[in-house]
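Written out below as structure tokens is the structure these notes cover.
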Amino acid sequence: MRGSTLTSPARGLATLAVGVVAGAVVAGGGLASADAKAPRTDRQITNMTDEVAKIKAYYGDTVDAKGEHWPSPDSNYAVQVRGIENQAEKYLAQRAKHDRDGRKAIVLDVDDTTLSTYNYELETTFVYNPVSNAQYIATKTMPAVFGMNQLATRAQQQGYTVFYVTGRPESQRVATAANLAAVGFPAADPAHLFMKDKSAPPSYLSCGANCSVVEYKSGTRAHIESLGYDIVGNFGDQQSDLSGGHADRTFKLPNPMYYLP
């Protein structure tokens, strides 16, 4: 799903613990002073039970007949997303009035920008696992992030070409394209859906199979520009989706569930 190393709330605490131990050991088996960034007391560490409860409240957690969890359209999350979409739609509409050459484009990330991973995150307690993730994507239809399918469709109607740039691996292309189509997004054919392919990275990525998220996504946007497109808007839920340039304006969607550097 994310196709990259992540820091979730739970994994963040585990990483912190490992870092403290590793930082205290020096050559020859001696001990160094504790990591200056390490919490000095338990009160400086977020309680995970409380944090998950806050995430559920923010998303307006609802449970369906199958026991799956979904964000509520009345949640604070939905309200925040719609506020960002309103700004984006006004901007895109204004640009469409002046840019009539047919080479306008928007770029959308997939996970938690177009498709909601909320249920998967709760099922896995916010810890990414490539095996469970691949199985989930192959067998589930994730819902659209509130309003993003309508935003993308309206943009297409205004003359924008819609591109998707995701860290999902190439092996998930068919399932990803089918999910996007099933929840009302413009077609995600191979020319418009870019996925990570570590076994055969594209020649336009100088970092090859070892790209960071920022290098991969900004390099792919640069490639889209080289095809003659002006990327008017770039949408993502991580700052790494948006960094590196090659877009006139960026729109950051909220995601308190995980962090991708």
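Residue names in the structure tokens use chain letters A, B, ... in the order shown, residue numbers from 1 in each chain, and ligand numbers from 1 in the order shown.
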Open item on the list: Taking the DSSP secondary structure from the backbone, can you list the residues of segment 42-166 of chain A that are alpha helix (DSSP H), as a PyMOL selection string?
Closed with: chain A and resi 48-59+76-98+118-123+130-139+148-157
Extract, using only C-alpha atoms, all DNA, RNA and protein residues at most 8 Å from Tyr58 of chain A, discarding same-chain residues fewer than 3 positions from it, and format them as a PDB file with C-alpha atoms, in the first residue's frame.
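In the end it all went to around.pdb:
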ATOM      1  CA  LYS A  54      -8.330  10.138  19.410  1.00  0.00           C
ATOM      2  CA  ILE A  55      -7.802   8.862  15.858  1.00  0.00           C
ATOM      3  CA  ASP A  61     -15.313   5.658  13.535  1.00  0.00           C
ATOM      4  CA  SER A  75     -16.566  13.505  11.161  1.00  0.00           C
ATOM      5  CA  ASN A  76     -14.059  16.277  11.780  1.00  0.00           C
ATOM      6  CA  TYR A  77     -11.817  14.463   9.310  1.00  0.00           C
TER       7      TYR A  77
END
Per residue of segment 64-87 of chain A within 12 Å of segment 233-247 of chain A, record the nearest atom pair and its distance in Å to one decimal, counting only C-alpha atoms, with rows in chain order and ascending residue number, as a tab-separated table.
residue	atom	partner	partner_atom	distance
A:Val81	CA	A:Asp237	CA	10.4
A:Ile84	CA	A:Phe235	CA	10.2
A:Glu85	CA	A:Phe235	CA	9.9
A:Gln87	CA	A:Gly233	CA	11.3
Could those selected residues go to a file with C-alpha atoms, as an mmCIF file, in the first residue's frame?
data_model
loop_
_atom_site.group_PDB
_atom_site.id
_atom_site.type_symbol
_atom_site.label_atom_id
_atom_site.label_comp_id
_atom_site.auth_asym_id
_atom_site.auth_seq_id
_atom_site.Cartn_x
_atom_site.Cartn_y
_atom_site.Cartn_z
ATOM 1 C CA VAL A 81 -10.967 17.251 3.855
ATOM 2 C CA ILE A 84 -9.226 21.581 1.449
ATOM 3 C CA GLU A 85 -11.193 20.300 -1.546
ATOM 4 C CA GLN A 87 -10.037 25.558 -1.947
#
Open item on the list: Which residues are near segment 165-172 of chain A? Cut-off 9 Å, only C-alpha atoms, ignore same chain within fewer than 3 positions. Put them as a PyMOL selection string.
Closed with: chain A and resi 1-4+107-111+134+137-138+175-177+192-198+213+216-217+220-221+241
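Between atom CA of Leu180 of chain A and atom CA of Thr117 of chain A the interatomic distance comes to 13.0 Å.
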Open item on the list: Report as a PyMOL selection string all protein, DNA and RNA residues lying within 12 Å of Asp101 of chain A, evaluated on only C-alpha atoms, omitting residues in the same chain fewer than 2 positions from it.
Closed with: chain A and resi 95-99+103-105+158-161+228-230
Open item on the list: If we count only C-alpha atoms and set the cut-off at 10 Å, which residues sit around Ser206 of chain A, ignoring sequence neighbours fewer than 4 positions away in its own chain? Please answer as number ranges by chain.
Closed with: A: 201-202, 210-211, 215-216, 219
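The closest residue to Arg154 of chain A, picked from A:Thr139, A:Glu89, A:Ser203, A:Glu121 and counting only C-alpha atoms, is A:Glu89.
Atom pair atom CA of Tyr258 of chain A / atom CA of Val174 of chain A has a distance of 24.9 Å (rounded to one decimal).
When DSSP is run on the backbone, the residues of segment 77-248 of chain A that fall into strand (DSSP E or B) are Lys104, Ala105, Ile106, Val107, Leu108, Asp111, Leu115, Ala144, Thr161, Val162, Phe163, Tyr164, Val165, Thr166, Gly167, Arg168, Pro169, Leu193, Phe194, Met195, Lys196, Asp230, Ile231, Val232, Gly233, Asn234, Phe235 and Gly236 of chain A.
Atom CA of Leu260 of chain A is found 22.2 Å from atom CA of His223 of chain A.
The shell of residues at most 10 Å from Trp70 of chain A, with only C-alpha atoms counted and near chain neighbours (fewer than 4 positions) removed, consists of A:Lys56, A:Tyr59, A:Gly60, A:Asp61, A:Thr62, A:Val63, A:Asp64, A:Ser116, A:Thr117, A:Tyr118, A:Asn119, A:Tyr120, A:Leu122, A:Met142, A:Pro143.
Distances here use only C-alpha atoms; by that measure, the residue among A:Ala88, A:Ala93, A:Met148, A:Val162 closest to Thr250 of chain A is A:Ala88.
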